[in-house]
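File shown here: query-v2.cif, holding mmCIF, C-alpha atoms and all ligand atoms; chains and numbers go by the auth columns.
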data_target
#
loop_
_atom_site.group_PDB
_atom_site.id
_atom_site.type_symbol
_atom_site.label_atom_id
_atom_site.label_comp_id
_atom_site.label_asym_id
_atom_site.label_seq_id
_atom_site.Cartn_x
_atom_site.Cartn_y
_atom_site.Cartn_z
_atom_site.B_iso_or_equiv
_atom_site.auth_seq_id
_atom_site.auth_asym_id
ATOM 1 C CA MET A 1 11.159 109.735 59.329 0.00 1 A
ATOM 2 C CA ARG A 2 14.079 108.082 57.684 0.00 2 A
ATOM 3 C CA PHE A 3 16.083 110.344 55.512 0.00 3 A
ATOM 4 C CA PHE A 4 19.802 110.554 54.981 0.00 4 A
ATOM 5 C CA VAL A 5 21.824 107.481 55.708 0.00 5 A
ATOM 6 C CA PRO A 6 25.532 107.280 55.089 0.00 6 A
ATOM 7 C CA SER A 7 26.854 104.529 52.893 0.00 7 A
ATOM 8 C CA HIS A 8 30.006 103.772 50.984 0.00 8 A
ATOM 9 C CA ARG A 9 28.603 105.677 48.036 0.00 9 A
ATOM 10 C CA GLY A 10 27.809 108.744 50.044 0.00 10 A
ATOM 11 C CA LEU A 11 24.539 110.092 51.367 0.00 11 A
ATOM 12 C CA HIS A 12 21.258 108.977 49.908 0.00 12 A
ATOM 13 C CA LEU A 13 17.790 110.275 50.366 0.00 13 A
ATOM 14 C CA LEU A 14 15.484 107.450 51.302 0.00 14 A
ATOM 15 C CA VAL A 15 11.877 108.178 50.560 0.00 15 A
ATOM 16 C CA PRO A 16 9.243 105.586 51.452 0.00 16 A
ATOM 17 C CA THR A 17 6.747 104.982 48.654 0.00 17 A
ATOM 18 C CA ASN A 18 3.955 106.755 50.533 0.00 18 A
ATOM 19 C CA VAL A 19 6.070 109.767 51.344 0.00 19 A
ATOM 20 C CA LEU A 20 6.925 112.914 49.508 0.00 20 A
ATOM 21 C CA GLY A 21 10.383 114.380 49.804 0.00 21 A
ATOM 22 C CA MET A 22 11.009 117.788 51.336 0.00 22 A
ATOM 23 C CA SER A 23 11.290 119.377 47.934 0.00 23 A
ATOM 24 C CA THR A 24 8.305 118.272 45.929 0.00 24 A
ATOM 25 C CA SER A 25 9.586 119.789 42.722 0.00 25 A
ATOM 26 C CA ALA A 26 12.825 117.852 42.763 0.00 26 A
ATOM 27 C CA HIS A 27 13.307 114.722 40.752 0.00 27 A
ATOM 28 C CA LEU A 28 14.607 111.904 42.849 0.00 28 A
ATOM 29 C CA PRO A 29 17.850 110.313 41.686 0.00 29 A
ATOM 30 C CA ALA A 30 17.469 107.187 39.605 0.00 30 A
ATOM 31 C CA GLY A 31 17.734 104.106 41.757 0.00 31 A
ATOM 32 C CA THR A 32 16.477 105.878 44.869 0.00 32 A
ATOM 33 C CA PRO A 33 14.026 103.624 46.689 0.00 33 A
ATOM 34 C CA GLY A 34 10.529 104.859 45.965 0.00 34 A
ATOM 35 C CA ALA A 35 11.691 107.215 43.245 0.00 35 A
ATOM 36 C CA SER A 36 9.573 105.667 40.561 0.00 36 A
ATOM 37 C CA ALA A 37 6.656 104.384 42.606 0.00 37 A
ATOM 38 C CA GLY A 38 4.549 107.534 42.346 0.00 38 A
ATOM 39 C CA ALA A 39 5.385 108.094 38.718 0.00 39 A
ATOM 40 C CA ALA A 40 4.536 104.501 37.902 0.00 40 A
ATOM 41 C CA ARG A 41 1.001 105.036 39.159 0.00 41 A
ATOM 42 C CA THR A 42 0.339 108.054 36.985 0.00 42 A
ATOM 43 C CA GLY A 43 2.819 108.099 34.175 0.00 43 A
ATOM 44 C CA GLY A 44 4.079 111.481 35.357 0.00 44 A
ATOM 45 C CA THR A 45 6.332 112.776 38.085 0.00 45 A
ATOM 46 C CA VAL A 46 5.190 112.905 41.658 0.00 46 A
ATOM 47 C CA THR A 47 4.701 116.646 41.253 0.00 47 A
ATOM 48 C CA ASP A 48 2.435 116.040 38.277 0.00 48 A
ATOM 49 C CA ARG A 49 0.390 113.811 40.527 0.00 49 A
ATOM 50 C CA LEU A 50 0.126 116.540 43.150 0.00 50 A
ATOM 51 C CA VAL A 51 -0.900 119.127 40.608 0.00 51 A
ATOM 52 C CA GLY A 52 -3.570 116.754 39.321 0.00 52 A
ATOM 53 C CA ALA A 53 -4.885 116.275 42.843 0.00 53 A
ATOM 54 C CA ASN A 54 -4.951 120.012 43.304 0.00 54 A
ATOM 55 C CA HIS A 55 -7.161 120.486 40.271 0.00 55 A
ATOM 56 C CA GLN A 56 -9.626 118.087 41.808 0.00 56 A
ATOM 57 C CA TYR A 57 -9.375 119.844 45.170 0.00 57 A
ATOM 58 C CA ALA A 58 -9.920 123.261 43.655 0.00 58 A
ATOM 59 C CA SER A 59 -12.913 122.103 41.626 0.00 59 A
ATOM 60 C CA GLY A 60 -14.851 121.553 44.848 0.00 60 A
ATOM 61 C CA PHE A 61 -13.266 124.371 46.796 0.00 61 A
ATOM 62 C CA GLU A 62 -15.278 127.242 48.185 0.00 62 A
ATOM 63 C CA ASP A 63 -13.630 130.269 49.766 0.00 63 A
ATOM 64 C CA PRO A 64 -14.082 129.667 53.493 0.00 64 A
ATOM 65 C CA GLY A 65 -13.597 133.395 54.075 0.00 65 A
ATOM 66 C CA MET A 66 -11.174 132.727 56.871 0.00 66 A
ATOM 67 C CA ASP A 67 -8.881 135.092 58.641 0.00 67 A
ATOM 68 C CA ALA A 68 -5.197 134.094 58.738 0.00 68 A
ATOM 69 C CA ARG A 69 -5.314 134.038 62.526 0.00 69 A
ATOM 70 C CA PRO A 70 -5.674 130.435 63.747 0.00 70 A
ATOM 71 C CA VAL A 71 -9.092 129.832 65.270 0.00 71 A
ATOM 72 C CA LEU A 72 -7.754 127.821 68.224 0.00 72 A
ATOM 73 C CA GLN A 73 -4.873 130.237 68.828 0.00 73 A
ATOM 74 C CA VAL A 74 -2.429 127.358 68.919 0.00 74 A
ATOM 75 C CA ALA A 75 0.829 126.575 67.114 0.00 75 A
ATOM 76 C CA VAL A 76 1.861 122.942 66.730 0.00 76 A
ATOM 77 C CA VAL A 77 5.579 122.212 66.305 0.00 77 A
ATOM 78 C CA ALA A 78 6.143 118.680 65.031 0.00 78 A
ATOM 79 C CA CYS A 79 8.485 116.366 63.202 0.00 79 A
ATOM 80 C CA MET A 80 7.993 116.235 59.442 0.00 80 A
ATOM 81 C CA ASP A 81 7.559 112.445 59.668 0.00 81 A
ATOM 82 C CA ALA A 82 5.116 111.223 57.025 0.00 82 A
ATOM 83 C CA ARG A 83 3.362 108.909 59.472 0.00 83 A
ATOM 84 C CA LEU A 84 2.174 111.804 61.592 0.00 84 A
ATOM 85 C CA ASP A 85 -1.075 113.288 60.279 0.00 85 A
ATOM 86 C CA LEU A 86 -1.406 116.240 62.623 0.00 86 A
ATOM 87 C CA HIS A 87 -4.885 117.280 61.620 0.00 87 A
ATOM 88 C CA ASP A 88 -6.378 113.814 61.967 0.00 88 A
ATOM 89 C CA ALA A 89 -4.370 112.906 65.060 0.00 89 A
ATOM 90 C CA LEU A 90 -5.385 116.061 66.916 0.00 90 A
ATOM 91 C CA GLY A 91 -8.894 116.579 65.541 0.00 91 A
ATOM 92 C CA LEU A 92 -7.884 119.796 63.827 0.00 92 A
ATOM 93 C CA ALA A 93 -9.812 121.448 61.027 0.00 93 A
ATOM 94 C CA LEU A 94 -8.804 123.942 58.366 0.00 94 A
ATOM 95 C CA GLY A 95 -7.951 127.269 59.950 0.00 95 A
ATOM 96 C CA ASP A 96 -7.542 125.904 63.466 0.00 96 A
ATOM 97 C CA CYS A 97 -3.802 126.154 64.014 0.00 97 A
ATOM 98 C CA HIS A 98 -0.339 126.902 62.755 0.00 98 A
ATOM 99 C CA THR A 99 1.740 123.849 61.971 0.00 99 A
ATOM 100 C CA ILE A 100 5.500 124.236 62.040 0.00 100 A
ATOM 101 C CA ARG A 101 7.394 121.139 60.992 0.00 101 A
ATOM 102 C CA ASN A 102 10.981 120.113 60.436 0.00 102 A
ATOM 103 C CA ALA A 103 13.216 117.070 60.831 0.00 103 A
ATOM 104 C CA GLY A 104 12.684 116.013 64.426 0.00 104 A
ATOM 105 C CA GLY A 105 10.293 118.786 65.395 0.00 105 A
ATOM 106 C CA VAL A 106 13.359 120.515 66.778 0.00 106 A
ATOM 107 C CA VAL A 107 13.045 124.034 68.169 0.00 107 A
ATOM 108 C CA THR A 108 15.626 125.742 65.991 0.00 108 A
ATOM 109 C CA ASP A 109 16.094 129.477 65.543 0.00 109 A
ATOM 110 C CA ASP A 110 13.851 129.269 62.526 0.00 110 A
ATOM 111 C CA VAL A 111 11.100 127.623 64.559 0.00 111 A
ATOM 112 C CA ILE A 112 11.440 130.443 67.084 0.00 112 A
ATOM 113 C CA ARG A 113 11.134 132.857 64.161 0.00 113 A
ATOM 114 C CA SER A 114 7.873 131.199 63.069 0.00 114 A
ATOM 115 C CA LEU A 115 6.527 131.049 66.624 0.00 115 A
ATOM 116 C CA THR A 116 7.371 134.712 67.161 0.00 116 A
ATOM 117 C CA ILE A 117 5.392 135.682 64.070 0.00 117 A
ATOM 118 C CA SER A 118 2.633 133.241 65.038 0.00 118 A
ATOM 119 C CA GLN A 119 2.239 134.817 68.481 0.00 119 A
ATOM 120 C CA ARG A 120 2.980 138.456 67.803 0.00 120 A
ATOM 121 C CA ALA A 121 1.344 138.913 64.421 0.00 121 A
ATOM 122 C CA LEU A 122 -1.239 136.161 64.221 0.00 122 A
ATOM 123 C CA GLY A 123 -2.556 135.798 67.735 0.00 123 A
ATOM 124 C CA THR A 124 -1.580 132.312 68.879 0.00 124 A
ATOM 125 C CA ARG A 125 -1.235 131.754 72.619 0.00 125 A
ATOM 126 C CA SER A 126 -0.449 128.061 73.104 0.00 126 A
ATOM 127 C CA VAL A 127 2.330 125.808 71.807 0.00 127 A
ATOM 128 C CA VAL A 128 2.085 122.039 71.373 0.00 128 A
ATOM 129 C CA LEU A 129 5.300 120.124 70.664 0.00 129 A
ATOM 130 C CA ILE A 130 5.150 116.699 69.068 0.00 130 A
ATOM 131 C CA HIS A 131 8.029 114.300 68.606 0.00 131 A
ATOM 132 C CA HIS A 132 7.402 110.640 67.833 0.00 132 A
ATOM 133 C CA THR A 133 8.615 107.101 68.271 0.00 133 A
ATOM 134 C CA ASN A 134 10.991 105.635 65.696 0.00 134 A
ATOM 135 C CA CYS A 135 12.260 109.055 64.588 0.00 135 A
ATOM 136 C CA GLY A 136 15.078 109.139 62.040 0.00 136 A
ATOM 137 C CA LEU A 137 17.033 111.557 64.220 0.00 137 A
ATOM 138 C CA GLU A 138 17.536 108.787 66.789 0.00 138 A
ATOM 139 C CA SER A 139 19.754 106.921 64.336 0.00 139 A
ATOM 140 C CA LEU A 140 21.967 109.896 63.473 0.00 140 A
ATOM 141 C CA THR A 141 24.766 111.621 65.352 0.00 141 A
ATOM 142 C CA GLU A 142 26.542 114.909 64.927 0.00 142 A
ATOM 143 C CA GLU A 143 29.122 112.829 63.018 0.00 143 A
ATOM 144 C CA PHE A 144 26.684 113.261 60.153 0.00 144 A
ATOM 145 C CA ARG A 145 27.971 116.819 59.727 0.00 145 A
ATOM 146 C CA HIS A 146 31.526 115.571 59.497 0.00 146 A
ATOM 147 C CA GLU A 147 30.518 113.031 56.859 0.00 147 A
ATOM 148 C CA LEU A 148 28.848 115.783 54.883 0.00 148 A
ATOM 149 C CA GLU A 149 31.955 117.905 55.106 0.00 149 A
ATOM 150 C CA MET A 150 34.103 115.017 53.888 0.00 150 A
ATOM 151 C CA GLU A 151 31.794 114.473 50.934 0.00 151 A
ATOM 152 C CA VAL A 152 31.084 118.006 49.768 0.00 152 A
ATOM 153 C CA GLY A 153 33.974 119.987 51.227 0.00 153 A
ATOM 154 C CA GLN A 154 31.829 122.199 53.374 0.00 154 A
ATOM 155 C CA ARG A 155 30.580 121.746 56.924 0.00 155 A
ATOM 156 C CA PRO A 156 26.945 122.771 57.341 0.00 156 A
ATOM 157 C CA ALA A 157 26.290 125.712 59.641 0.00 157 A
ATOM 158 C CA TRP A 158 23.340 123.920 61.204 0.00 158 A
ATOM 159 C CA ALA A 159 23.404 121.284 63.905 0.00 159 A
ATOM 160 C CA VAL A 160 21.930 117.894 63.087 0.00 160 A
ATOM 161 C CA GLU A 161 20.047 117.992 66.405 0.00 161 A
ATOM 162 C CA ALA A 162 20.184 114.221 66.650 0.00 162 A
ATOM 163 C CA PHE A 163 19.028 112.699 69.924 0.00 163 A
ATOM 164 C CA ARG A 164 19.094 109.427 71.829 0.00 164 A
ATOM 165 C CA ASP A 165 16.268 110.023 74.307 0.00 165 A
ATOM 166 C CA VAL A 166 13.083 111.323 72.743 0.00 166 A
ATOM 167 C CA ASP A 167 11.562 112.321 76.106 0.00 167 A
ATOM 168 C CA GLN A 168 14.598 114.421 76.936 0.00 168 A
ATOM 169 C CA ASP A 169 14.550 116.008 73.515 0.00 169 A
ATOM 170 C CA VAL A 170 10.926 117.068 74.018 0.00 170 A
ATOM 171 C CA ARG A 171 11.928 118.562 77.376 0.00 171 A
ATOM 172 C CA GLN A 172 14.764 120.464 75.781 0.00 172 A
ATOM 173 C CA SER A 173 12.462 121.746 73.062 0.00 173 A
ATOM 174 C CA MET A 174 9.947 122.965 75.649 0.00 174 A
ATOM 175 C CA GLN A 175 12.784 124.656 77.510 0.00 175 A
ATOM 176 C CA ARG A 176 13.991 126.454 74.387 0.00 176 A
ATOM 177 C CA ILE A 177 10.535 127.939 73.917 0.00 177 A
ATOM 178 C CA ARG A 178 10.191 128.859 77.593 0.00 178 A
ATOM 179 C CA THR A 179 13.487 130.711 77.548 0.00 179 A
ATOM 180 C CA SER A 180 12.962 132.596 74.300 0.00 180 A
ATOM 181 C CA PRO A 181 12.735 136.333 74.948 0.00 181 A
ATOM 182 C CA PHE A 182 10.864 136.843 71.675 0.00 182 A
ATOM 183 C CA LEU A 183 7.749 134.934 72.679 0.00 183 A
ATOM 184 C CA PRO A 184 5.196 136.798 74.768 0.00 184 A
ATOM 185 C CA HIS A 185 3.098 133.694 75.553 0.00 185 A
ATOM 186 C CA ARG A 186 5.054 130.964 77.320 0.00 186 A
ATOM 187 C CA ASP A 187 2.695 129.687 79.988 0.00 187 A
ATOM 188 C CA ASP A 188 0.857 127.100 77.897 0.00 188 A
ATOM 189 C CA ILE A 189 3.595 124.964 76.358 0.00 189 A
ATOM 190 C CA ARG A 190 3.068 121.196 76.364 0.00 190 A
ATOM 191 C CA GLY A 191 5.130 118.437 74.816 0.00 191 A
ATOM 192 C CA PHE A 192 4.216 114.949 73.601 0.00 192 A
ATOM 193 C CA VAL A 193 5.575 111.837 71.937 0.00 193 A
ATOM 194 C CA PHE A 194 3.333 110.396 69.212 0.00 194 A
ATOM 195 C CA ASP A 195 3.435 106.608 68.974 0.00 195 A
ATOM 196 C CA VAL A 196 3.524 105.746 65.266 0.00 196 A
ATOM 197 C CA LYS A 197 2.196 102.238 66.013 0.00 197 A
ATOM 198 C CA THR A 198 -0.803 103.151 68.198 0.00 198 A
ATOM 199 C CA GLY A 199 -1.527 106.731 67.145 0.00 199 A
ATOM 200 C CA LEU A 200 -1.530 107.814 70.779 0.00 200 A
ATOM 201 C CA LEU A 201 0.135 110.857 72.258 0.00 201 A
ATOM 202 C CA ARG A 202 2.108 110.488 75.484 0.00 202 A
ATOM 203 C CA GLU A 203 2.623 113.703 77.397 0.00 203 A
ATOM 204 C CA ILE A 204 6.108 114.549 78.632 0.00 204 A
ATOM 205 C CA ASP A 205 6.550 116.015 82.090 0.00 205 A
ATOM 206 C CA PRO A 206 8.758 119.088 81.645 0.00 206 A
ATOM 207 C CA ALA A 207 10.344 118.394 85.021 0.00 207 A
ATOM 208 C CA GLY A 208 11.302 114.863 83.958 0.00 208 A
HETATM 209 ZN ZN ZN B . 10.883 112.251 63.181 0.00 1 B
#

Just give me the structure of the file as structure tokens.
Amino acid sequence: MRFFVPSHRGLHLLVPTNVLGMSTSAHLPAGTPGASAGAARTGGTVTDRLVGANHQYASGFEDPGMDARPVLQVAVVACMDARLDLHDALGLALGDCHTIRNAGGVVTDDVIRSLTISQRALGTRSVVLIHHTNCGLESLTEEFRHELEMEVGQRPAWAVEAFRDVDQDVRQSMQRIRTSPFLPHRDDIRGFVFDVKTGLLREIDPAG
């Protein structure tokens, strides 16, 4: 995932042509790389394209009659990177799991919130963490927050959670889940790095 990069003109959202931004209803600024690629294919905005695809999806959709509780009783926490297709990469089907994604697949308080609901209200028992090679967070530092403050006059309350060593970051993420008092099920937590070039997962030893 490559997202914000500082430049002399400030911070710009870089969106590869095959990737949707975090806010699908937002119009990308003119001149943003990839901003017009989707629209050029359809004559509408990228959201128009998504809505069109949904009509097609719904036309063949039959109510699967599923319960909200994930069939495999697993929650997957992963980076939002567009190259990571969790369902295909892990052989998951509709209804199998919870997927919780953010920039980096970082275990933030909000991820703990989702995991707590996942385990306590919706019956999941296992957690799978997935970071990946070539993550955008490897090229950022906490200086990013300072740059934001300089540009907009307000320092974000959140940490960037940038990292240099992806293996260590997976270990830290596993540790944050293991030490959360809110989660009743902490004995099946495994962490992996997904290789965006080979599609393979590499498991991380929590002990290092
Ligand atoms: Zn990433």

Give me, as a tab-separated table, the closest atom pair and its distance (Å, one decimal) for every residue of chain A within a cut-off of 12 Å of ligand ZN 1 (chain B), counting all atoms listed in the file, rows sorted by chain and rising number.
residue	atom	partner	partner_atom	distance
A:Met1	CA	B:ZN1	ZN	4.6
A:Arg2	CA	B:ZN1	ZN	7.6
A:Phe3	CA	B:ZN1	ZN	9.5
A:Val77	CA	B:ZN1	ZN	11.7
A:Ala78	CA	B:ZN1	ZN	8.2
A:Cys79	CA	B:ZN1	ZN	4.8
A:Met80	CA	B:ZN1	ZN	6.2
A:Asp81	CA	B:ZN1	ZN	4.8
A:Ala82	CA	B:ZN1	ZN	8.5
A:Arg83	CA	B:ZN1	ZN	9.0
A:Leu84	CA	B:ZN1	ZN	8.9
A:Arg101	CA	B:ZN1	ZN	9.8
A:Asn102	CA	B:ZN1	ZN	8.3
A:Ala103	CA	B:ZN1	ZN	5.8
A:Gly104	CA	B:ZN1	ZN	4.4
A:Gly105	CA	B:ZN1	ZN	6.9
A:Val106	CA	B:ZN1	ZN	9.3
A:Ile130	CA	B:ZN1	ZN	9.3
A:His131	CA	B:ZN1	ZN	6.5
A:His132	CA	B:ZN1	ZN	6.0
A:Thr133	CA	B:ZN1	ZN	7.6
A:Asn134	CA	B:ZN1	ZN	7.1
A:Cys135	CA	B:ZN1	ZN	3.8
A:Gly136	CA	B:ZN1	ZN	5.3
A:Leu137	CA	B:ZN1	ZN	6.3
A:Glu138	CA	B:ZN1	ZN	8.3
A:Ser139	CA	B:ZN1	ZN	10.4
A:Leu140	CA	B:ZN1	ZN	11.3
A:Glu161	CA	B:ZN1	ZN	11.3
A:Ala162	CA	B:ZN1	ZN	10.1
A:Phe163	CA	B:ZN1	ZN	10.6
A:Val166	CA	B:ZN1	ZN	9.9
A:Asp169	CA	B:ZN1	ZN	11.6
A:Val170	CA	B:ZN1	ZN	11.9
A:Val193	CA	B:ZN1	ZN	10.2
A:Phe194	CA	B:ZN1	ZN	9.8
A:Asp195	CA	B:ZN1	ZN	11.0
A:Val196	CA	B:ZN1	ZN	10.0

Resulting file, chosen residues, C-alpha atoms, as a PDB file, in the coordinates of the input:
ATOM      1  CA  MET A   1      11.159 109.735  59.329  1.00  0.00           C
ATOM      2  CA  ARG A   2      14.079 108.082  57.684  1.00  0.00           C
ATOM      3  CA  PHE A   3      16.083 110.344  55.512  1.00  0.00           C
ATOM      4  CA  VAL A  77       5.579 122.212  66.305  1.00  0.00           C
ATOM      5  CA  ALA A  78       6.143 118.680  65.031  1.00  0.00           C
ATOM      6  CA  CYS A  79       8.485 116.366  63.202  1.00  0.00           C
ATOM      7  CA  MET A  80       7.993 116.235  59.442  1.00  0.00           C
ATOM      8  CA  ASP A  81       7.559 112.445  59.668  1.00  0.00           C
ATOM      9  CA  ALA A  82       5.116 111.223  57.025  1.00  0.00           C
ATOM     10  CA  ARG A  83       3.362 108.909  59.472  1.00  0.00           C
ATOM     11  CA  LEU A  84       2.174 111.804  61.592  1.00  0.00           C
ATOM     12  CA  ARG A 101       7.394 121.139  60.992  1.00  0.00           C
ATOM     13  CA  ASN A 102      10.981 120.113  60.436  1.00  0.00           C
ATOM     14  CA  ALA A 103      13.216 117.070  60.831  1.00  0.00           C
ATOM     15  CA  GLY A 104      12.684 116.013  64.426  1.00  0.00           C
ATOM     16  CA  GLY A 105      10.293 118.786  65.395  1.00  0.00           C
ATOM     17  CA  VAL A 106      13.359 120.515  66.778  1.00  0.00           C
ATOM     18  CA  ILE A 130       5.150 116.699  69.068  1.00  0.00           C
ATOM     19  CA  HIS A 131       8.029 114.300  68.606  1.00  0.00           C
ATOM     20  CA  HIS A 132       7.402 110.640  67.833  1.00  0.00           C
ATOM     21  CA  THR A 133       8.615 107.101  68.271  1.00  0.00           C
ATOM     22  CA  ASN A 134      10.991 105.635  65.696  1.00  0.00           C
ATOM     23  CA  CYS A 135      12.260 109.055  64.588  1.00  0.00           C
ATOM     24  CA  GLY A 136      15.078 109.139  62.040  1.00  0.00           C
ATOM     25  CA  LEU A 137      17.033 111.557  64.220  1.00  0.00           C
ATOM     26  CA  GLU A 138      17.536 108.787  66.789  1.00  0.00           C
ATOM     27  CA  SER A 139      19.754 106.921  64.336  1.00  0.00           C
ATOM     28  CA  LEU A 140      21.967 109.896  63.473  1.00  0.00           C
ATOM     29  CA  GLU A 161      20.047 117.992  66.405  1.00  0.00           C
ATOM     30  CA  ALA A 162      20.184 114.221  66.650  1.00  0.00           C
ATOM     31  CA  PHE A 163      19.028 112.699  69.924  1.00  0.00           C
ATOM     32  CA  VAL A 166      13.083 111.323  72.743  1.00  0.00           C
ATOM     33  CA  ASP A 169      14.550 116.008  73.515  1.00  0.00           C
ATOM     34  CA  VAL A 170      10.926 117.068  74.018  1.00  0.00           C
ATOM     35  CA  VAL A 193       5.575 111.837  71.937  1.00  0.00           C
ATOM     36  CA  PHE A 194       3.333 110.396  69.212  1.00  0.00           C
ATOM     37  CA  ASP A 195       3.435 106.608  68.974  1.00  0.00           C
ATOM     38  CA  VAL A 196       3.524 105.746  65.266  1.00  0.00           C
TER      39      VAL A 196
END

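The two atoms in question, CA of Leu183 (chain A) and CA of Val111 (chain A), are spaced 11.4 Å apart.
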
Which residues of region 100-166 of chain A come within 8 Å of region 59-75 of chain A, and what is each one's closest atom pair and distance in Å (one decimal), counting only C-alpha atoms, sorted by chain and residue number, as a tab-separated table?
residue	atom	partner	partner_atom	distance
A:Ile100	CA	A:Ala75	CA	7.3
A:Leu115	CA	A:Ala75	CA	7.3
A:Ser118	CA	A:Ala75	CA	7.2
A:Leu122	CA	A:Arg69	CA	4.9
A:Gly123	CA	A:Gln73	CA	6.1
A:Thr124	CA	A:Gln73	CA	3.9
A:Arg125	CA	A:Gln73	CA	5.5
A:Ser126	CA	A:Val74	CA	4.7
A:Val127	CA	A:Ala75	CA	5.0
A:Val128	CA	A:Ala75	CA	6.3

In Å, with one decimal, what is the gap from CA of Pro184 (chain A) to CA of Thr116 (chain A)?
8.2 Å

As a check of understanding: the span from CA of Gln119 (chain A) to CA of Ser173 (chain A) is 17.2 Å

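Nearest to Leu86 (chain A) of all the residues A:Arg145, A:His185, A:Arg155, A:His98 is A:His98, based on all atoms listed in the file.
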
Coordinates of box centre and edge lengths for region 175-183 of chain A, 6 Å on every side, axis-aligned, as AutoDock Vina command-line options:
--center_x 10.9 --center_y 130.7 --center_z 74.6 --size_x 18.2 --size_y 24.2 --size_z 17.9

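Residue nearest Arg164 (chain A), chosen from A:Asp110, A:Glu147, A:Asp96, A:Glu142 and counting all atoms listed in the file: A:Glu142.
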